[in-house]
$ cat upload03.cif   # mmCIF, C-alpha atoms
data_work
loop_
_atom_site.label_atom_id
_atom_site.label_comp_id
_atom_site.auth_asym_id
_atom_site.auth_seq_id
_atom_site.Cartn_x
_atom_site.Cartn_y
_atom_site.Cartn_z
CA ILE A 1 -15.68 -14.02 -23.62
CA ILE A 2 -13.39 -14.84 -26.51
CA GLN A 3 -13.15 -13.84 -30.13
CA GLN A 4 -11.24 -16.57 -32.02
CA PRO A 5 -8.71 -15.80 -34.78
CA PRO A 6 -8.57 -17.86 -37.95
CA PHE A 7 -4.95 -18.94 -37.38
CA ASP A 8 -2.31 -19.64 -34.78
CA PHE A 9 -1.23 -16.14 -33.90
CA LYS A 10 1.72 -17.06 -31.68
CA PHE A 11 4.21 -16.13 -34.37
CA LEU A 12 2.14 -13.43 -36.07
CA ALA A 13 0.85 -11.37 -33.14
CA LYS A 14 2.79 -8.12 -33.17
CA HIS A 15 0.63 -5.77 -31.13
CA ILE A 16 -0.81 -6.75 -27.75
CA LEU A 17 -2.84 -4.59 -25.38
CA ILE A 18 -3.37 -5.58 -21.73
CA ILE A 19 -5.90 -3.46 -19.86
CA ARG A 20 -5.18 -3.61 -16.13
CA PRO A 21 -6.46 -0.75 -13.99
CA GLY A 22 -6.45 -1.10 -10.23
CA ALA A 23 -4.44 -0.40 -7.10
CA ILE A 24 -0.75 -1.09 -6.46
CA GLY A 25 -1.35 -4.62 -5.25
CA ASP A 26 -3.54 -5.38 -8.27
CA MET A 27 -0.67 -4.56 -10.60
CA VAL A 28 1.89 -6.51 -8.57
CA VAL A 29 -0.16 -9.73 -8.52
CA THR A 30 -0.58 -9.45 -12.31
CA LEU A 31 3.18 -9.47 -12.94
CA PRO A 32 3.51 -13.27 -13.39
CA THR A 33 0.76 -13.10 -16.02
CA LEU A 34 2.50 -10.23 -17.81
CA GLY A 35 5.77 -12.15 -17.63
CA ALA A 36 4.22 -15.26 -19.18
CA ILE A 37 2.75 -13.17 -22.01
CA ARG A 38 6.12 -11.56 -22.66
CA GLY A 39 7.80 -14.97 -22.70
CA TYR A 40 5.28 -16.36 -25.19
CA PHE A 41 5.37 -13.33 -27.47
CA PRO A 42 9.01 -12.18 -27.18
CA ASN A 43 8.90 -10.08 -30.35
CA ALA A 44 5.51 -8.44 -29.88
CA MET A 45 4.96 -4.81 -28.97
CA ILE A 46 3.20 -5.08 -25.60
CA GLU A 47 1.18 -2.17 -24.26
CA VAL A 48 -0.22 -2.12 -20.73
CA MET A 49 -3.03 0.29 -19.98
CA GLY A 50 -3.68 1.33 -16.39
CA TYR A 51 -3.15 4.18 -13.95
CA PRO A 52 0.11 6.13 -14.41
CA THR A 53 1.40 5.83 -10.84
CA ARG A 54 1.04 2.03 -10.91
CA LEU A 55 2.57 1.65 -14.38
CA ALA A 56 5.91 3.06 -13.20
CA MET A 57 6.90 -0.35 -11.82
CA ILE A 58 6.50 -2.19 -15.15
CA LYS A 59 7.57 0.28 -17.82
CA GLY A 60 10.64 -1.08 -19.51
CA PRO A 61 11.90 -3.79 -21.82
CA PHE A 62 10.55 -6.80 -19.91
CA TYR A 63 6.87 -6.36 -19.03
CA ALA A 64 5.73 -3.46 -21.22
CA ASP A 65 7.16 -1.68 -24.24
CA ILE A 66 4.45 0.97 -23.97
CA VAL A 67 2.22 2.13 -21.12
CA SER A 68 -0.96 4.16 -21.55
CA ARG A 69 -3.60 5.71 -19.35
CA PHE A 70 -6.83 3.98 -18.46
CA ASP A 71 -8.20 7.32 -17.27
CA GLN A 72 -8.02 8.90 -20.75
CA THR A 73 -11.26 10.38 -22.06
CA ASP A 74 -11.84 7.84 -24.85
CA ILE A 75 -12.00 4.92 -22.38
CA ALA A 76 -15.44 6.09 -21.24
CA TYR A 77 -16.91 5.00 -24.60
CA LEU A 78 -16.05 1.38 -23.81
CA PHE A 79 -18.60 1.39 -21.00
CA VAL A 80 -21.49 2.79 -23.05
CA LYS A 81 -23.85 0.39 -24.79
CA ASP A 82 -23.62 0.61 -28.59
CA ALA A 83 -21.13 3.46 -28.21
CA LYS A 84 -20.00 5.47 -31.22
CA MET A 85 -16.30 5.47 -30.45
CA PRO A 86 -14.00 8.10 -31.99
CA VAL A 87 -12.53 6.79 -35.25
CA SER A 88 -8.92 7.20 -34.10
CA PHE A 89 -9.56 5.27 -30.88
CA MET A 90 -11.49 2.57 -32.73
CA GLU A 91 -8.66 2.14 -35.21
CA ARG A 92 -6.01 2.00 -32.49
CA LEU A 93 -7.75 -0.83 -30.68
CA GLY A 94 -8.73 -2.50 -33.94
CA ASN A 95 -5.09 -2.76 -34.94
CA MET A 96 -4.35 -4.94 -31.92
CA ASP A 97 -3.73 -8.63 -32.54
CA LEU A 98 -4.65 -9.44 -28.95
CA ILE A 99 -6.48 -7.53 -26.22
CA ILE A 100 -6.75 -8.93 -22.70
CA SER A 101 -9.01 -6.96 -20.39
CA PHE A 102 -8.69 -7.40 -16.62
CA VAL A 103 -11.56 -5.07 -15.73
CA SER A 104 -14.27 -6.01 -13.26
CA THR A 105 -17.72 -5.42 -14.74
CA THR A 106 -21.26 -6.60 -14.06
CA ASP A 107 -22.43 -6.61 -17.68
CA GLN A 108 -21.30 -7.42 -21.22
CA ILE A 109 -20.91 -3.84 -22.44
CA LEU A 110 -17.12 -3.57 -22.13
CA ALA A 111 -16.55 -6.98 -23.73
CA ASP A 112 -18.97 -6.22 -26.58
CA ASN A 113 -17.33 -2.88 -27.32
CA LEU A 114 -13.84 -4.38 -27.32
CA ASN A 115 -14.99 -7.09 -29.73
CA ALA A 116 -16.58 -4.42 -31.92
CA THR A 117 -13.22 -2.71 -32.45
CA GLY A 118 -12.16 -5.43 -34.85
CA ALA A 119 -9.14 -6.56 -32.82
CA LEU A 120 -8.03 -10.00 -33.97
CA ARG A 121 -8.58 -11.65 -30.60
CA VAL A 122 -10.20 -10.32 -27.42
CA ILE A 123 -10.29 -11.89 -23.97
CA HIS A 124 -12.28 -10.29 -21.19
CA TYR A 125 -11.34 -11.86 -17.84
CA GLU A 126 -12.81 -11.15 -14.41
CA PRO A 127 -9.81 -10.04 -12.28
CA PHE A 128 -11.19 -11.26 -8.95
CA PRO A 129 -11.80 -14.90 -7.97
CA ALA A 130 -15.49 -15.79 -7.82
CA GLY A 131 -17.05 -17.16 -4.65
CA SER A 132 -14.96 -19.05 -2.14
CA LYS A 133 -12.77 -21.16 -4.41
CA GLY A 134 -9.73 -20.40 -2.30
CA VAL A 135 -7.57 -19.79 -5.39
CA HIS A 136 -4.72 -17.37 -4.83
CA ILE A 137 -5.19 -14.16 -6.81
CA VAL A 138 -1.90 -14.70 -8.70
CA ASP A 139 -3.00 -18.17 -9.81
CA HIS A 140 -6.46 -16.90 -10.73
CA LEU A 141 -4.96 -14.29 -13.06
CA LEU A 142 -2.57 -16.81 -14.59
CA GLN A 143 -5.54 -19.01 -15.46
CA SER A 144 -6.63 -16.33 -17.93
CA LEU A 145 -3.86 -17.65 -20.18
CA ASP A 146 -5.27 -21.17 -20.40
CA THR A 147 -7.58 -20.36 -23.31
CA LEU A 148 -4.58 -19.02 -25.23
CA GLY A 149 -2.45 -22.06 -24.51
CA ILE A 150 0.23 -19.85 -22.98
CA PRO A 151 2.37 -21.82 -20.52
CA TYR A 152 3.36 -20.33 -17.19
CA PHE A 153 6.01 -21.59 -14.82
CA ASP A 154 6.58 -18.77 -12.34
CA ASN A 155 3.81 -17.70 -9.96
CA ILE A 156 5.92 -15.26 -7.95
CA PRO A 157 5.62 -11.53 -8.80
CA ARG A 158 8.97 -9.93 -9.58
CA ILE A 159 9.82 -6.26 -9.98
CA PHE A 160 12.93 -5.40 -11.99
CA LEU A 161 14.62 -2.16 -11.00
CA HIS A 162 16.06 0.48 -13.31
CA ASP A 163 19.65 1.62 -12.79
CA GLU A 164 18.59 5.20 -12.10
CA ASP A 165 16.24 4.07 -9.33
CA ILE A 166 18.95 1.91 -7.76
CA HIS A 167 21.28 4.92 -7.78
CA PHE A 168 18.56 7.08 -6.25
CA ALA A 169 18.04 4.58 -3.42
CA GLU A 170 21.75 4.51 -2.61
CA GLU A 171 21.90 8.29 -2.37
CA PHE A 172 18.64 8.47 -0.41
CA ILE A 173 19.92 6.03 2.19
CA LYS A 174 23.29 7.80 2.47
CA MET A 175 21.46 11.04 3.25
CA SER A 176 19.09 9.35 5.73
CA ILE A 177 21.42 7.44 8.04
CA ALA A 178 24.64 8.38 9.78
CA ASP A 179 25.84 4.82 10.38
CA PRO A 180 25.99 2.78 7.16
CA LYS A 181 26.43 -0.44 9.19
CA LYS A 182 22.95 -0.23 10.69
CA LYS A 183 20.30 -2.71 9.68
CA LEU A 184 17.57 -1.07 7.60
CA ILE A 185 13.94 -1.93 8.25
CA ALA A 186 11.04 -0.53 6.24
CA ILE A 187 7.62 -0.42 7.87
CA HIS A 188 4.34 0.46 6.19
CA PRO A 189 1.73 0.93 8.93
CA GLY A 190 -1.13 1.74 6.55
CA SER A 191 -3.29 0.02 3.99
CA GLY A 192 -6.05 0.76 1.53
CA SER A 193 -8.51 -0.06 4.32
CA LYS A 194 -8.17 1.01 7.96
CA GLN A 195 -9.75 -2.29 8.99
CA LYS A 196 -6.68 -4.12 7.70
CA CYS A 197 -4.22 -2.12 9.81
CA TRP A 198 -2.46 -3.49 12.87
CA PRO A 199 -2.92 -1.06 15.82
CA THR A 200 -0.71 2.02 15.48
CA GLU A 201 0.43 1.88 19.09
CA ARG A 202 1.81 -1.61 18.46
CA PHE A 203 3.75 -0.39 15.44
CA ALA A 204 5.14 2.38 17.67
CA ALA A 205 6.21 -0.11 20.35
CA LEU A 206 7.82 -2.29 17.70
CA ILE A 207 9.73 0.63 16.18
CA ASN A 208 11.00 1.76 19.59
CA TRP A 209 12.20 -1.80 20.23
CA LEU A 210 13.88 -2.01 16.82
CA ASN A 211 15.72 1.25 17.47
CA LYS A 212 16.80 0.41 21.01
CA GLU A 213 17.39 -3.34 21.03
CA LYS A 214 18.26 -4.11 17.42
CA LYS A 215 20.03 -0.82 16.68
CA ALA A 216 18.15 -0.65 13.40
CA HIS A 217 17.22 2.37 11.35
CA VAL A 218 13.53 2.42 10.50
CA PHE A 219 12.01 3.82 7.33
CA ILE A 220 8.30 4.51 7.73
CA VAL A 221 6.63 4.23 4.33
CA SER A 222 3.73 6.65 4.05
CA GLY A 223 1.27 7.00 1.19
CA PRO A 224 -1.53 9.51 0.55
CA ALA A 225 -3.99 7.51 2.69
CA ASP A 226 -1.55 7.05 5.58
CA LYS A 227 -1.11 10.63 6.79
CA GLU A 228 -3.12 10.21 10.01
CA ILE A 229 -1.38 6.97 10.96
CA THR A 230 2.04 8.42 10.16
CA GLU A 231 1.43 11.49 12.31
CA ARG A 232 0.35 9.32 15.24
CA LEU A 233 3.44 7.18 14.85
CA LYS A 234 5.76 10.18 14.77
CA ALA A 235 4.25 11.34 18.06
CA GLU A 236 4.76 7.96 19.74
CA VAL A 237 8.16 6.95 18.41
CA LYS A 238 10.99 8.11 20.64
CA ASP A 239 14.02 7.78 18.38
CA HIS A 240 14.86 9.00 14.93
CA VAL A 241 13.11 7.43 11.96
CA THR A 242 12.94 8.41 8.30
CA ILE A 243 9.58 9.08 6.70
CA VAL A 244 9.53 7.82 3.12
CA ASP A 245 6.81 9.57 1.17
CA HIS A 246 6.20 11.34 -2.13
CA LEU A 247 8.31 8.81 -4.03
CA SER A 248 7.35 7.16 -7.29
CA LEU A 249 6.71 3.44 -7.01
CA SER A 250 9.89 2.67 -8.93
CA LYS A 251 12.01 4.73 -6.53
CA LEU A 252 10.16 3.39 -3.49
CA SER A 253 10.74 -0.15 -4.76
CA ALA A 254 14.48 0.53 -4.94
CA VAL A 255 14.58 1.94 -1.39
CA ILE A 256 12.69 -1.07 0.00
CA LYS A 257 14.99 -3.39 -1.96
CA ARG A 258 17.94 -1.94 -0.02
CA CYS A 259 16.32 -2.74 3.32
CA ASN A 260 17.08 -5.87 5.31
CA LEU A 261 13.45 -6.38 6.29
CA PHE A 262 10.00 -5.02 5.47
CA ILE A 263 7.03 -5.20 7.86
CA GLY A 264 3.52 -4.25 6.76
CA ASN A 265 -0.18 -4.98 6.71
CA ASP A 266 -2.21 -6.52 3.89
CA SER A 267 -1.44 -3.75 1.41
CA GLY A 268 -0.13 -3.11 -2.06
CA ILE A 269 3.17 -1.88 -0.63
CA THR A 270 3.65 -5.21 1.13
CA HIS A 271 3.13 -7.01 -2.19
CA LEU A 272 5.64 -4.62 -3.72
CA ALA A 273 8.22 -5.38 -0.99
CA ALA A 274 7.85 -9.12 -1.59
CA ALA A 275 8.18 -8.59 -5.35
CA VAL A 276 11.56 -6.83 -5.07
CA GLY A 277 12.85 -9.75 -2.99
CA THR A 278 13.15 -8.06 0.41
CA HIS A 279 12.53 -10.25 3.48
CA THR A 280 8.88 -9.47 4.13
CA LEU A 281 6.77 -9.93 7.25
CA SER A 282 3.08 -9.38 6.53
CA LEU A 283 0.38 -8.98 9.20
CA PHE A 284 -3.01 -10.34 8.15
CA GLY A 285 -6.34 -10.09 9.93
CA PRO A 286 -9.73 -9.82 8.23
CA THR A 287 -8.60 -10.98 4.77
CA ASP A 288 -7.60 -14.47 3.68
CA PRO A 289 -3.85 -14.84 3.12
CA LYS A 290 -4.46 -17.99 1.07
CA ILE A 291 -6.01 -15.71 -1.55
CA TRP A 292 -4.48 -12.29 -0.95
CA GLY A 293 -1.15 -13.00 0.76
CA PRO A 294 2.05 -11.62 -0.81
CA ARG A 295 4.20 -14.17 -2.60
CA GLY A 296 7.97 -14.35 -2.62
CA GLU A 297 10.93 -16.50 -1.68
CA SER A 298 11.38 -14.52 1.56
CA VAL A 299 7.84 -13.92 2.81
CA LYS A 300 6.38 -14.73 6.21
CA ILE A 301 2.71 -14.09 6.96
CA LEU A 302 1.49 -13.66 10.54
CA TYR A 303 -2.18 -14.65 10.72
CA ARG A 304 -4.18 -15.45 13.85
CA LYS A 305 -7.45 -16.82 12.54
CA VAL A 306 -10.54 -16.28 14.72
CA HIS A 307 -14.12 -17.53 14.38
CA CYS A 308 -15.19 -14.64 12.14
CA SER A 309 -12.15 -14.40 9.88
CA PRO A 310 -11.74 -13.98 7.03
CA CYS A 311 -14.74 -11.70 6.74
CA LEU A 312 -16.63 -10.03 3.91
CA ALA A 313 -15.97 -6.38 3.07
CA ASP A 314 -19.33 -5.22 4.48
CA ALA A 315 -18.73 -6.98 7.78
CA ARG A 316 -15.20 -5.58 7.90
CA LYS A 317 -16.42 -2.00 7.62
CA ASN A 318 -18.66 -2.46 10.65
CA CYS A 319 -16.12 -4.28 12.79
CA PHE A 320 -14.72 -2.31 15.70
CA ALA A 321 -13.22 -5.14 17.75
CA GLN A 322 -10.65 -6.24 15.14
CA THR A 323 -9.97 -9.36 17.20
CA CYS A 324 -8.06 -10.96 14.34
CA LEU A 325 -5.46 -8.18 14.32
CA GLU A 326 -5.51 -7.68 18.09
CA ASN A 327 -4.45 -11.31 18.42
CA ILE A 328 -1.11 -10.49 16.78
CA LYS A 329 0.98 -9.27 19.70
CA VAL A 330 4.06 -7.08 19.52
CA GLU A 331 5.99 -10.01 20.96
CA ASP A 332 4.91 -12.16 18.00
CA VAL A 333 6.44 -9.72 15.56
CA MET A 334 9.55 -9.33 17.71
CA HIS A 335 9.98 -13.11 17.66
CA GLU A 336 9.90 -13.14 13.85
CA VAL A 337 12.37 -10.25 13.64
CA LYS A 338 14.81 -12.10 15.94
CA HIS A 339 14.74 -15.06 13.57
CA ARG A 340 15.87 -12.80 10.73
CA PHE A 341 18.73 -10.98 12.47
#
$ encode --input "upload03.cif" --output "structure tokens"
Amino acid sequence: IIQQPPFDFKFLAKHILIIRPGAIGDMVVTLPTLGAIRGYFPNAMIEVMGYPTRLAMIKGPFYADIVSRFDQTDIAYLFVKDAKMPVSFMERLGNMDLIISFVSTTDQILADNLNATGALRVIHYEPFPAGSKGVHIVDHLLQSLDTLGIPYFDNIPRIFLHDEDIHFAEEFIKMSIADPKKKLIAIHPGSGSKQKCWPTERFAALINWLNKEKKAHVFIVSGPADKEITERLKAEVKDHVTIVDHLSLSKLSAVIKRCNLFIGNDSGITHLAAAVGTHTLSLFGPTDPKIWGPRGESVKILYRKVHCSPCLADARKNCFAQTCLENIKVEDVMHEVKHRF
């Protein structure tokens, strides 16, 4: 859904708004698209609208000059047919030379309302691949730029750290470990869906092995949805580990960047680990890594496909066997770790 401008706006576009709500992984896989937009419009003021906790990883001189909240009150008007938007909000959007909306909708209302603001050019793009095309999510999002003629050369998400976050990570690690020579391994045992999580007892066995045999120090990354899994792990792990929680994404990114290896499920944090360049081992089961797998120069995905994988979300919710994840043994992960140390 495109509103065409009367001229080539490459050199004239000064204000660009990118609307990208979603989870952590959604923001990470959009980074190559944001990077291509920045490269094409180096002098434009680029604003990214989303959820505050996710925006922490992109705020800065490269991806976004300005970040704003998608959960602000005025946004609700965009989803109401023939909405009478507040004048100030209408004018703010109308002053944009380009608006790209990555918001999943089932109707035309959002697109119609964005076009009605008077913005010079509006693109409304479905953020999820349709059907079973098998297109990786990063490539799907990059294809949104084809109608604008924006070239893209890099399909790997990259997170750029701020100096203050790097300093925080150094101090955090100094306070967490007694032996600075130890290898550092970050593990995120959770995910946005319990059905995508490798069995907790296997994570516990792996951590005990890492502590004993590899003499590594393990950081267990825990988010708001991971409390139950984290508590179970703490009860089963014999040696000392550090729980990493309540950190902003920018600070967490810096801590993971300092680690020698990251191990996690199909989750946003795993995408984040790959995007900061840490050696990443990702465990996939019910989802298709060809579409949803993390990308990076140092990423390895463990995937043991079975007859029913990948499966649809509804089937996943009712699956109790989790054969796809059960087929990834602790020894398989140990083997991969040995290859990296």
$ atom_distance --input "upload03.cif" --atom1 "CA of His217 in chain A" --atom2 "CA of Ser176 in chain A"
9.2 Å
$ closest_atom_pairs --input "upload03.cif" --of "range 169-192 of chain A" --to "range 268-278 of chain A" --cutoff "8 Å" --atoms "only C-alpha atoms" --output "CSV"
residue,atom,partner,partner_atom,distance
A:His188,CA,A:Ile269,CA,7.3
A:Ser191,CA,A:Gly268,CA,7.5
A:Gly192,CA,A:Gly268,CA,7.9
$ axis_aligned_box --input "upload03.cif" --around "range 325-331 of chain A" --padding-each-side "4 Å" --output "JSON"
{"center_x": 0.2, "center_y": -9.2, "center_z": 17.6, "size_x": 19.5, "size_y": 12.2, "size_z": 14.6}
$ residues_around --input "upload03.cif" --residues "range 104-108 of chain A" --least-positions-apart "6" --cutoff "10 Å" --atoms "only C-alpha atoms" --output "ChimeraX atom specification"
/A:1,20-22,79,81,124-128
$ residues_around --input "upload03.cif" --residues "range 333-341 of chain A" --least-positions-apart "2" --cutoff "8 Å" --atoms "only C-alpha atoms" --output "list of chain:residue names"
A:Leu206, A:Leu281, A:Ile328, A:Lys329, A:Val330, A:Glu331
$ atom_distance --input "upload03.cif" --atom1 "CA of Ile18 in chain A" --atom2 "CA of Ile137 in chain A"
17.3 Å
$ closest_residue --input "upload03.cif" --among "A:His140, A:Arg121, A:Arg202, A:His15" --to "Phe102 in chain A" --atoms "all atoms listed in the file"
A:His140
$ residues_around --input "upload03.cif" --residues "range 258-262 of chain A" --least-positions-apart "6" --cutoff "7 Å" --atoms "all atoms listed in the file" --output "ChimeraX atom specification"
/A:183-187,273,278-281
